[in-house]
file final-v3.txt (compact mmCIF, C-alpha atoms (C1' of nucleotides))
# COMPACT_ATOMS: atom_id res chain seq x y z
CA MET A 1 91.40 96.95 97.20
CA THR A 2 95.03 98.06 96.99
CA PHE A 3 96.29 101.57 97.56
CA VAL A 4 97.05 101.93 93.85
CA ASP A 5 93.53 100.91 92.87
CA GLN A 6 92.07 103.31 95.41
CA MET A 7 94.12 106.12 93.90
CA GLY A 8 92.73 105.13 90.51
CA GLU A 9 89.22 105.25 91.88
CA PHE A 10 89.86 108.62 93.51
CA PHE A 11 91.02 110.10 90.22
CA ASP A 12 88.01 108.60 88.52
CA ARG A 13 85.61 110.16 91.00
CA MET A 14 87.35 113.50 90.49
CA GLY A 15 86.67 113.27 86.76
CA GLN A 16 90.29 112.44 85.97
CA PRO A 17 91.42 109.39 83.99
CA ARG A 18 91.69 106.32 86.20
CA ILE A 19 95.02 105.31 84.71
CA ALA A 20 96.54 108.65 85.72
CA GLY A 21 95.58 107.74 89.26
CA LEU A 22 97.09 104.26 88.99
CA LEU A 23 100.35 105.77 87.75
CA PHE A 24 100.40 108.41 90.45
CA GLY A 25 99.63 105.82 93.09
CA HIS A 26 102.29 103.44 91.93
CA LEU A 27 104.90 106.18 91.74
CA LEU A 28 104.08 106.99 95.37
CA ILE A 29 104.99 103.53 96.66
CA CYS A 30 107.41 102.02 94.18
CA SER A 31 111.01 101.17 94.89
CA PRO A 32 113.09 102.66 93.52
CA PRO A 33 111.09 105.91 93.22
CA GLU A 34 112.09 106.30 89.56
CA GLN A 35 110.42 104.03 87.06
CA THR A 36 110.48 103.56 83.31
CA ALA A 37 107.38 103.62 81.14
CA ALA A 38 107.75 99.87 80.59
CA GLN A 39 107.81 99.24 84.35
CA LEU A 40 104.73 101.40 84.84
CA GLU A 41 103.00 99.59 82.00
CA GLU A 42 103.71 96.29 83.73
CA ALA A 43 102.75 97.55 87.18
CA THR A 44 99.44 99.11 86.20
CA GLY A 45 98.44 96.77 83.40
CA ALA A 46 97.69 99.74 81.16
CA SER A 47 98.67 99.97 77.51
CA ALA A 48 101.79 101.75 76.31
CA GLY A 49 99.66 104.46 74.73
CA SER A 50 97.75 105.17 77.91
CA VAL A 51 100.86 105.18 80.05
CA ASN A 52 102.51 107.61 77.69
CA SER A 53 99.65 110.08 77.45
CA MET A 54 98.72 109.89 81.14
CA LEU A 55 102.33 110.47 82.17
CA ARG A 56 102.27 113.48 79.89
CA LEU A 57 99.11 114.68 81.64
CA LEU A 58 100.68 114.24 85.08
CA GLN A 59 103.80 116.07 83.94
CA GLY A 60 101.67 118.92 82.59
CA LEU A 61 100.01 119.27 85.99
CA GLY A 62 103.41 119.25 87.67
CA TYR A 63 102.77 116.06 89.64
CA VAL A 64 105.36 113.94 87.86
CA GLU A 65 108.70 114.70 86.29
CA ARG A 66 111.02 112.71 84.10
CA ARG A 67 114.65 112.64 83.23
CA GLY A 68 116.80 110.70 80.84
CA GLU A 69 120.09 109.14 81.73
CA PRO A 70 122.88 109.99 79.28
CA GLY A 71 123.94 107.06 77.15
CA SER A 72 120.51 105.46 77.11
CA ARG A 73 117.19 106.10 75.53
CA ARG A 74 115.28 105.20 78.65
CA LEU A 75 113.32 107.89 80.49
CA TRP A 76 112.73 107.70 84.21
CA TYR A 77 109.59 109.00 85.87
CA ARG A 78 109.07 109.98 89.48
CA ILE A 79 106.76 112.00 91.72
CA ALA A 80 107.82 115.63 91.42
CA PRO A 81 109.07 117.19 94.63
CA GLY A 82 106.32 119.43 95.96
CA ALA A 83 103.62 117.58 94.04
CA PHE A 84 101.12 117.85 96.89
CA SER A 85 101.70 121.56 97.37
CA ARG A 86 101.19 122.12 93.70
CA ALA A 87 97.95 120.14 93.66
CA MET A 88 96.67 122.12 96.63
CA ALA A 89 97.70 125.44 95.09
CA GLU A 90 95.83 124.51 91.93
CA ARG A 91 92.70 123.89 93.99
CA MET A 92 93.11 127.22 95.71
CA ARG A 93 93.21 129.06 92.42
CA LEU A 94 89.56 128.12 92.00
CA VAL A 95 88.79 130.43 94.89
CA GLU A 96 90.19 133.31 92.88
CA VAL A 97 88.25 132.25 89.79
CA LEU A 98 85.02 132.25 91.76
CA ARG A 99 85.71 135.63 93.35
CA ARG A 100 86.32 137.05 89.88
CA LEU A 101 83.15 135.44 88.60
CA ALA A 102 81.16 137.14 91.34
CA GLU A 103 82.63 140.45 90.22
CA VAL A 104 81.65 139.77 86.62
CA GLY A 105 78.11 139.25 87.89
CA LEU A 106 78.17 142.42 89.96
CA GLU A 107 79.30 144.45 86.99
CA GLU A 108 76.37 143.03 85.08
CA VAL A 109 73.59 143.69 87.61
CA GLY A 110 75.02 146.70 89.44
CA GLU A 111 76.16 146.93 93.04
CA GLU A 112 72.92 148.13 94.56
CA GLY A 113 69.43 146.69 94.32
CA GLY A 114 68.09 143.30 95.35
CA ARG A 115 69.77 141.42 92.52
CA SER A 116 73.27 141.95 93.93
CA ASP A 117 72.86 140.64 97.48
CA ARG A 118 73.76 137.03 96.68
CA LEU A 119 76.68 138.08 94.49
CA ARG A 120 78.10 140.38 97.16
CA GLU A 121 78.04 137.51 99.62
CA MET A 122 79.72 135.28 97.05
CA ARG A 123 82.42 137.85 96.38
CA ASP A 124 83.11 138.48 100.06
CA PHE A 125 83.17 134.79 100.86
CA TYR A 126 85.78 133.90 98.28
CA ALA A 127 87.75 137.10 98.81
CA PHE A 128 88.18 136.09 102.46
CA PHE A 129 89.70 132.72 101.61
CA GLU A 130 91.72 134.16 98.77
CA ARG A 131 93.33 136.45 101.33
CA GLN A 132 93.82 133.87 104.10
CA LEU A 133 94.87 130.70 102.33
CA PRO A 134 98.33 131.80 101.17
CA ALA A 135 99.35 132.44 104.79
CA LEU A 136 98.29 128.93 105.77
CA PHE A 137 100.31 127.64 102.90
CA GLU A 138 103.39 129.51 103.97
CA GLU A 139 103.02 128.18 107.48
CA TYR A 140 103.14 124.65 106.17
CA GLU A 141 106.23 125.39 104.11
CA LYS A 142 107.87 126.91 107.17
CA ARG A 143 107.08 124.00 109.48
CA HIS A 144 108.21 121.60 106.80
CA GLU A 145 111.57 123.29 106.31
CA ASP A 146 112.20 123.23 110.02
CA GLY A 147 112.21 119.72 111.45
CA GLU A 148 108.44 119.24 110.91
CA MET B 1 79.64 136.30 77.51
CA THR B 2 77.12 136.79 80.30
CA PHE B 3 77.65 135.92 83.93
CA VAL B 4 75.19 133.03 83.64
CA ASP B 5 77.04 131.58 80.65
CA GLN B 6 80.33 131.90 82.47
CA MET B 7 78.90 129.99 85.40
CA GLY B 8 77.81 127.31 82.95
CA GLU B 9 81.30 127.16 81.52
CA PHE B 10 82.82 126.99 85.00
CA PHE B 11 80.66 124.02 85.92
CA ASP B 12 81.57 122.40 82.63
CA ARG B 13 85.30 122.78 83.27
CA MET B 14 84.79 121.31 86.73
CA GLY B 15 83.24 118.22 85.18
CA GLN B 16 79.73 119.20 86.24
CA PRO B 17 76.77 119.53 83.88
CA ARG B 18 76.71 122.93 82.18
CA ILE B 19 72.99 123.36 82.76
CA ALA B 20 73.48 123.01 86.50
CA GLY B 21 75.83 126.00 86.23
CA LEU B 22 73.33 128.00 84.18
CA LEU B 23 70.67 127.37 86.80
CA PHE B 24 72.96 128.21 89.69
CA GLY B 25 74.11 131.36 87.90
CA HIS B 26 70.61 132.53 87.12
CA LEU B 27 69.43 131.87 90.67
CA LEU B 28 72.28 134.11 91.85
CA ILE B 29 71.11 137.15 89.93
CA CYS B 30 67.39 136.74 89.35
CA SER B 31 64.72 138.96 90.79
CA PRO B 32 62.87 137.81 92.74
CA PRO B 33 65.34 135.30 94.18
CA GLU B 34 62.73 132.52 94.03
CA GLN B 35 61.90 131.07 90.64
CA THR B 36 59.69 128.33 89.27
CA ALA B 37 60.95 125.51 87.07
CA ALA B 38 59.10 127.06 84.12
CA GLN B 39 60.85 130.40 84.67
CA LEU B 40 64.23 128.68 84.88
CA GLU B 41 63.44 126.72 81.75
CA GLU B 42 62.70 129.98 79.94
CA ALA B 43 65.71 131.80 81.36
CA THR B 44 68.29 129.12 80.57
CA GLY B 45 66.76 127.70 77.39
CA ALA B 46 67.13 124.18 78.78
CA SER B 47 64.50 121.48 78.49
CA ALA B 48 62.05 120.68 81.26
CA GLY B 49 63.77 117.37 81.86
CA SER B 50 67.19 118.91 82.28
CA VAL B 51 65.92 121.68 84.52
CA ASN B 52 64.21 119.13 86.72
CA SER B 53 67.14 116.76 87.09
CA MET B 54 69.77 119.47 87.43
CA LEU B 55 67.72 121.22 90.11
CA ARG B 56 67.56 117.88 91.86
CA LEU B 57 71.35 117.61 91.60
CA LEU B 58 71.83 121.12 93.02
CA GLN B 59 69.45 120.34 95.86
CA GLY B 60 71.31 117.14 96.62
CA LEU B 61 74.53 119.12 96.92
CA GLY B 62 72.80 121.61 99.20
CA TYR B 63 73.27 124.56 96.85
CA VAL B 64 69.59 125.07 96.05
CA GLU B 65 66.44 124.58 98.02
CA ARG B 66 62.79 124.59 97.09
CA ARG B 67 59.49 125.15 98.77
CA GLY B 68 55.87 124.93 97.71
CA GLU B 69 53.27 127.54 98.44
CA PRO B 70 50.09 126.15 99.97
CA GLY B 71 47.13 126.22 97.60
CA SER B 72 49.22 125.83 94.50
CA ARG B 73 51.24 123.08 92.87
CA ARG B 74 54.04 125.40 91.91
CA LEU B 75 57.44 124.88 93.51
CA TRP B 76 59.85 127.75 94.03
CA TYR B 77 63.59 127.35 93.82
CA ARG B 78 66.27 129.58 95.32
CA ILE B 79 69.92 129.59 96.30
CA ALA B 80 70.18 127.88 99.69
CA PRO B 81 71.48 130.13 102.48
CA GLY B 82 75.07 129.12 103.15
CA ALA B 83 75.50 127.58 99.70
CA PHE B 84 79.06 128.89 99.34
CA SER B 85 80.12 127.61 102.75
CA ARG B 86 78.73 124.24 101.92
CA ALA B 87 80.53 124.10 98.58
CA MET B 88 83.80 125.03 100.26
CA ALA B 89 83.29 122.50 103.05
CA GLU B 90 82.71 119.82 100.44
CA ARG B 91 86.01 120.69 98.81
CA MET B 92 87.77 120.55 102.15
CA ARG B 93 86.54 117.03 102.77
CA LEU B 94 88.82 115.94 99.95
CA VAL B 95 91.74 116.82 102.16
CA GLU B 96 90.55 114.25 104.66
CA VAL B 97 90.01 111.66 101.93
CA LEU B 98 93.57 112.13 100.72
CA ARG B 99 95.03 111.94 104.21
CA ARG B 100 93.18 108.68 104.75
CA LEU B 101 94.39 107.39 101.39
CA ALA B 102 97.97 108.06 102.42
CA GLU B 103 97.34 106.01 105.54
CA VAL B 104 95.94 103.15 103.51
CA GLY B 105 99.18 103.21 101.53
CA LEU B 106 101.33 103.30 104.66
CA GLU B 107 99.54 100.30 106.08
CA GLU B 108 100.30 98.49 102.85
CA VAL B 109 104.02 99.25 102.56
CA GLY B 110 104.90 99.69 106.23
CA GLU B 111 106.06 102.85 108.00
CA GLU B 112 109.77 102.35 107.64
CA GLY B 113 111.86 101.70 104.54
CA GLY B 114 112.30 103.76 101.39
CA ARG B 115 108.86 103.00 100.04
CA SER B 116 107.10 105.05 102.70
CA ASP B 117 108.87 108.41 102.39
CA ARG B 118 106.52 109.88 99.81
CA LEU B 119 103.45 108.57 101.61
CA ARG B 120 104.56 110.03 104.93
CA GLU B 121 104.97 113.42 103.28
CA MET B 122 101.55 113.05 101.72
CA ARG B 123 99.96 112.14 105.04
CA ASP B 124 101.64 114.99 106.91
CA PHE B 125 100.76 117.50 104.23
CA TYR B 126 97.06 116.76 104.21
CA ALA B 127 96.91 116.26 107.97
CA PHE B 128 98.22 119.81 108.39
CA PHE B 129 95.44 121.34 106.29
CA GLU B 130 92.85 119.03 107.77
CA ARG B 131 93.76 120.49 111.16
CA GLN B 132 94.01 124.13 110.11
CA LEU B 133 91.18 124.67 107.67
CA PRO B 134 88.26 124.37 110.10
CA ALA B 135 89.64 127.28 112.14
CA LEU B 136 89.80 129.45 109.04
CA PHE B 137 86.25 128.50 108.33
CA GLU B 138 85.09 129.46 111.78
CA GLU B 139 86.84 132.79 111.47
CA TYR B 140 84.83 133.55 108.36
CA GLU B 141 81.60 132.60 110.07
CA LYS B 142 82.51 134.84 113.01
CA ARG B 143 83.36 137.87 110.87
CA HIS B 144 80.26 137.30 108.84
CA GLU B 145 77.96 137.24 111.86
CA ASP B 146 79.48 140.47 113.16
CA GLY B 147 79.04 143.32 110.72
CA GLU B 148 81.45 141.84 108.17
C1' DC C 1 125.12 103.75 58.35
C1' DA C 2 122.36 99.88 59.87
C1' DG C 3 120.12 97.72 63.85
C1' DT C 4 117.30 98.08 67.73
C1' DA C 5 115.30 99.62 72.07
C1' DA C 6 112.20 102.96 73.53
C1' DT C 7 108.80 106.42 72.90
C1' DT C 8 105.06 108.60 70.58
C1' DT C 9 101.23 108.91 67.61
C1' DC C 10 96.80 107.74 66.06
C1' DA C 11 92.74 105.33 64.18
C1' DG C 12 89.24 102.70 66.09
C1' DT C 13 86.18 101.15 70.16
C1' DA C 14 83.84 101.16 74.08
C1' DT C 15 81.63 103.55 77.53
C1' DA C 16 79.60 107.15 80.04
C1' DT C 17 76.52 110.80 80.41
C1' DA C 18 74.41 115.41 79.28
C1' DC C 19 70.47 116.64 77.07
C1' DT C 20 65.99 116.62 74.66
C1' DG C 21 61.16 115.89 74.05
C1' DA C 22 57.29 113.57 74.87
C1' DA C 23 54.66 110.57 77.69
C1' DA C 24 53.34 109.49 82.42
C1' DA C 25 52.44 110.73 87.00
C1' DT C 26 51.03 113.93 90.52
C1' DA C 27 48.37 117.23 92.87
C1' DT C 28 45.31 121.09 92.98
C1' DG C 29 40.79 123.52 91.67
C1' DA C 30 36.15 123.33 90.19
C1' DT D 1 35.03 113.08 90.22
C1' DC D 2 36.78 115.41 86.11
C1' DA D 3 39.81 118.84 84.18
C1' DT D 4 44.17 121.02 84.17
C1' DA D 5 48.57 122.94 85.67
C1' DT D 6 52.97 121.25 87.02
C1' DT D 7 56.43 118.03 87.87
C1' DT D 8 58.79 113.78 86.98
C1' DT D 9 60.29 109.97 84.38
C1' DC D 10 62.51 107.83 80.62
C1' DA D 11 63.79 106.14 76.01
C1' DG D 12 66.62 107.79 72.51
C1' DT D 13 70.47 110.73 70.63
C1' DA D 14 74.54 113.12 70.46
C1' DT D 15 78.88 113.97 72.16
C1' DA D 16 83.05 113.48 74.60
C1' DT D 17 86.85 110.90 75.96
C1' DA D 18 89.44 107.00 78.22
C1' DC D 19 91.69 103.27 76.48
C1' DT D 20 93.86 99.83 73.38
C1' DG D 21 97.06 98.06 70.09
C1' DA D 22 99.72 98.52 66.37
C1' DA D 23 102.26 101.33 63.28
C1' DA D 24 105.40 105.20 62.90
C1' DT D 25 108.95 107.79 64.82
C1' DT D 26 112.88 108.82 67.53
C1' DA D 27 117.41 108.27 69.35
C1' DC D 28 121.09 105.59 71.01
C1' DT D 29 124.73 101.65 70.02
C1' DG D 30 127.98 99.15 67.45
call {"tool": "encode", "arguments": {"input": "final-v3.txt", "output": "structure tokens"}}
result
Amino acid sequence: MTFVDQMGEFFDRMGQPRIAGLLFGHLLICSPPEQTAAQLEEATGASAGSVNSMLRLLQGLGYVERRGEPGSRRLWYRIAPGAFSRAMAERMRLVEVLRRLAEVGLEEVGEEGGRSDRLREMRDFYAFFERQLPALFEEYEKRHEDGE
Amino acid sequence: MTFVDQMGEFFDRMGQPRIAGLLFGHLLICSPPEQTAAQLEEATGASAGSVNSMLRLLQGLGYVERRGEPGSRRLWYRIAPGAFSRAMAERMRLVEVLRRLAEVGLEEVGEEGGRSDRLREMRDFYAFFERQLPALFEEYEKRHEDGE
DNA sequence: CAGTAATTTCAGTATATACTGAAAATATGA
DNA sequence: TCATATTTTCAGTATATACTGAAATTACTG
């Protein structure tokens, strides 16, 4: 199975539309890096409608960006710079959501008493990663700016 | 909206069955921490079939465990110790999957040439987190064992 | 102002799966 | 072994949505 198909399968397993994965995968390996909707339609075998709406989805998530060349009605799509960082940051926001959820629960059952022990562990667990992950992130950015 | 309902909604947004979220949420705040299927059915308003299969799902993921008391056919369900760690570890495995995927792509297009630049960035990005995240994890475990 | 290349919309379909409710299976107590 | 409490299975339903293909729209060119 090709890389592009495996990206499609990965998206599928993550509950995302397969075609979004095919597009993302193809945009990762195509040459040149910018492609038109028609090229992506050809490369993935998906319909024009799917390509259009899935590219819109990927743009909304910040993984893909497009630009038009003046004097033409063609639009060119490419992987957005920093797409991986953005995807990772999105994942990390879940940690904050879960920490907040634990606090919603604690407000509901009260801080003391046997009903709060699991929620306090949940809150502390996610609060720890919420605090530590941004530093890790910055370290990557730093190493990346310097010569790797 | 109650904490339990918000957990249901969270699961739903993550592409997981809502009822699994309701069960997980209720098991986080119930007293006593162990509950029977009948109690969970009552508490969540879900059918016996759903409660059974969603508890099975949660057990499969390692978030819930059950035990039977001798001399009775009742089974008791509770949040598994370390459920949050396990959930986080599961998420982190995706980093490895994506790093491997990048390598599949690189094998396909070759390391040099313009087609590999995005894939090399992808591989390096995920390889960095794959290397760093386990240490963060261990630090949490360590702090948690000591008095927080 | 046409003519046309490209994009976008959208109705229709196919498919997957969460969920229910009741029947079947299982395991304990008498 | 029979009766019963509990769990498990499963057929059927409802719902959501990925996807197609064609029509409608948009925007550039001559």
call {"tool": "residues_around", "arguments": {"input": "final-v3.txt", "residues": "DA23 (chain D)", "least_positions_apart": "5", "cutoff": "12 Å", "atoms": "all atoms listed in the file", "output": "list of chain:residue names"}}
result
C:DT8, C:DT9, C:DC10, C:DA11
call {"tool": "residues_near_point", "arguments": {"input": "final-v3.txt", "point": "(59.0, 112.6, 76.7)", "cutoff": "9 Å", "atoms": "only C-alpha atoms (C1' of nucleotides)", "output": "ChimeraX atom specification"}}
result
/B:49 /C:20-24 /D:9-11
call {"tool": "interface_residues", "arguments": {"input": "final-v3.txt", "of": "chain C", "to": "chain B", "cutoff": "7 Å", "atoms": "only C-alpha atoms (C1' of nucleotides)", "output": "ChimeraX atom specification"}}
result
/C:18-20,27-28
call {"tool": "closest_residue", "arguments": {"input": "final-v3.txt", "among": "B:Ile29, B:Leu55, B:Leu75, B:Ala43", "to": "chain A", "atoms": "all atoms listed in the file"}}
result
B:Ile29
call {"tool": "closest_atom_pairs", "arguments": {"input": "final-v3.txt", "of": "chain B", "to": "chain A", "cutoff": "8 Å", "atoms": "only C-alpha atoms", "output": "JSON lines"}}
result
{"residue": "B:Thr2", "atom": "CA", "partner": "A:Glu108", "partner_atom": "CA", "distance": 7.9}
{"residue": "B:Phe3", "atom": "CA", "partner": "A:Gly105", "partner_atom": "CA", "distance": 5.2}
{"residue": "B:Gln6", "atom": "CA", "partner": "A:Leu101", "partner_atom": "CA", "distance": 7.6}
{"residue": "B:Met7", "atom": "CA", "partner": "A:Leu101", "partner_atom": "CA", "distance": 7.6}
{"residue": "B:Gly15", "atom": "CA", "partner": "A:Gly15", "partner_atom": "CA", "distance": 6.2}
{"residue": "B:Leu28", "atom": "CA", "partner": "A:Arg118", "partner_atom": "CA", "distance": 5.8}
{"residue": "B:Ile29", "atom": "CA", "partner": "A:Arg115", "partner_atom": "CA", "distance": 5.2}
{"residue": "B:Cys30", "atom": "CA", "partner": "A:Arg115", "partner_atom": "CA", "distance": 6.1}
{"residue": "B:Ser31", "atom": "CA", "partner": "A:Arg115", "partner_atom": "CA", "distance": 5.9}
{"residue": "B:Pro32", "atom": "CA", "partner": "A:Arg115", "partner_atom": "CA", "distance": 7.8}
{"residue": "B:Pro33", "atom": "CA", "partner": "A:Arg115", "partner_atom": "CA", "distance": 7.7}
{"residue": "B:Phe84", "atom": "CA", "partner": "A:Met122", "partner_atom": "CA", "distance": 6.8}
{"residue": "B:Leu101", "atom": "CA", "partner": "A:Phe3", "partner_atom": "CA", "distance": 7.2}
{"residue": "B:Val104", "atom": "CA", "partner": "A:Phe3", "partner_atom": "CA", "distance": 6.2}
{"residue": "B:Gly105", "atom": "CA", "partner": "A:Phe3", "partner_atom": "CA", "distance": 5.2}
{"residue": "B:Glu108", "atom": "CA", "partner": "A:Phe3", "partner_atom": "CA", "distance": 7.3}
{"residue": "B:Val109", "atom": "CA", "partner": "A:Ile29", "partner_atom": "CA", "distance": 7.4}
{"residue": "B:Gly114", "atom": "CA", "partner": "A:Ser31", "partner_atom": "CA", "distance": 7.1}
{"residue": "B:Arg115", "atom": "CA", "partner": "A:Ile29", "partner_atom": "CA", "distance": 5.2}
{"residue": "B:Ser116", "atom": "CA", "partner": "A:Ile29", "partner_atom": "CA", "distance": 6.6}
{"residue": "B:Arg118", "atom": "CA", "partner": "A:Leu28", "partner_atom": "CA", "distance": 5.8}
{"residue": "B:Leu119", "atom": "CA", "partner": "A:Leu28", "partner_atom": "CA", "distance": 6.5}
{"residue": "B:Met122", "atom": "CA", "partner": "A:Phe84", "partner_atom": "CA", "distance": 6.8}
{"residue": "B:Phe125", "atom": "CA", "partner": "A:Phe84", "partner_atom": "CA", "distance": 7.4}
{"residue": "B:Phe128", "atom": "CA", "partner": "A:Tyr140", "partner_atom": "CA", "distance": 7.2}
{"residue": "B:Gln132", "atom": "CA", "partner": "A:Leu136", "partner_atom": "CA", "distance": 7.8}
{"residue": "B:Leu136", "atom": "CA", "partner": "A:Gln132", "partner_atom": "CA", "distance": 7.8}
{"residue": "B:Tyr140", "atom": "CA", "partner": "A:Phe128", "partner_atom": "CA", "distance": 7.2}
call {"tool": "interface_residues", "arguments": {"input": "final-v3.txt", "of": "chain D", "to": "chain A", "cutoff": "12 Å", "atoms": "only C-alpha atoms (C1' of nucleotides)", "output": "PyMOL selection string"}}
result
chain D and resi 17-22+26-29
call {"tool": "closest_residue", "arguments": {"input": "final-v3.txt", "among": "D:DA16, D:DG30, D:DT1, D:DT7", "to": "DT15 (chain C)", "atoms": "only C-alpha atoms (C1' of nucleotides)"}}
result
D:DA16
call {"tool": "atom_distance", "arguments": {"input": "final-v3.txt", "atom1": "CA of Gly60 (chain A)", "atom2": "CA of Ala20 (chain B)"}}
result
28.8 Å
call {"tool": "atom_distance", "arguments": {"input": "final-v3.txt", "atom1": "CA of Glu69 (chain B)", "atom2": "CA of Ala38 (chain B)"}}
result
15.5 Å
call {"tool": "atom_distance", "arguments": {"input": "final-v3.txt", "atom1": "CA of Thr44 (chain A)", "atom2": "CA of Glu9 (chain A)"}}
result
13.2 Å
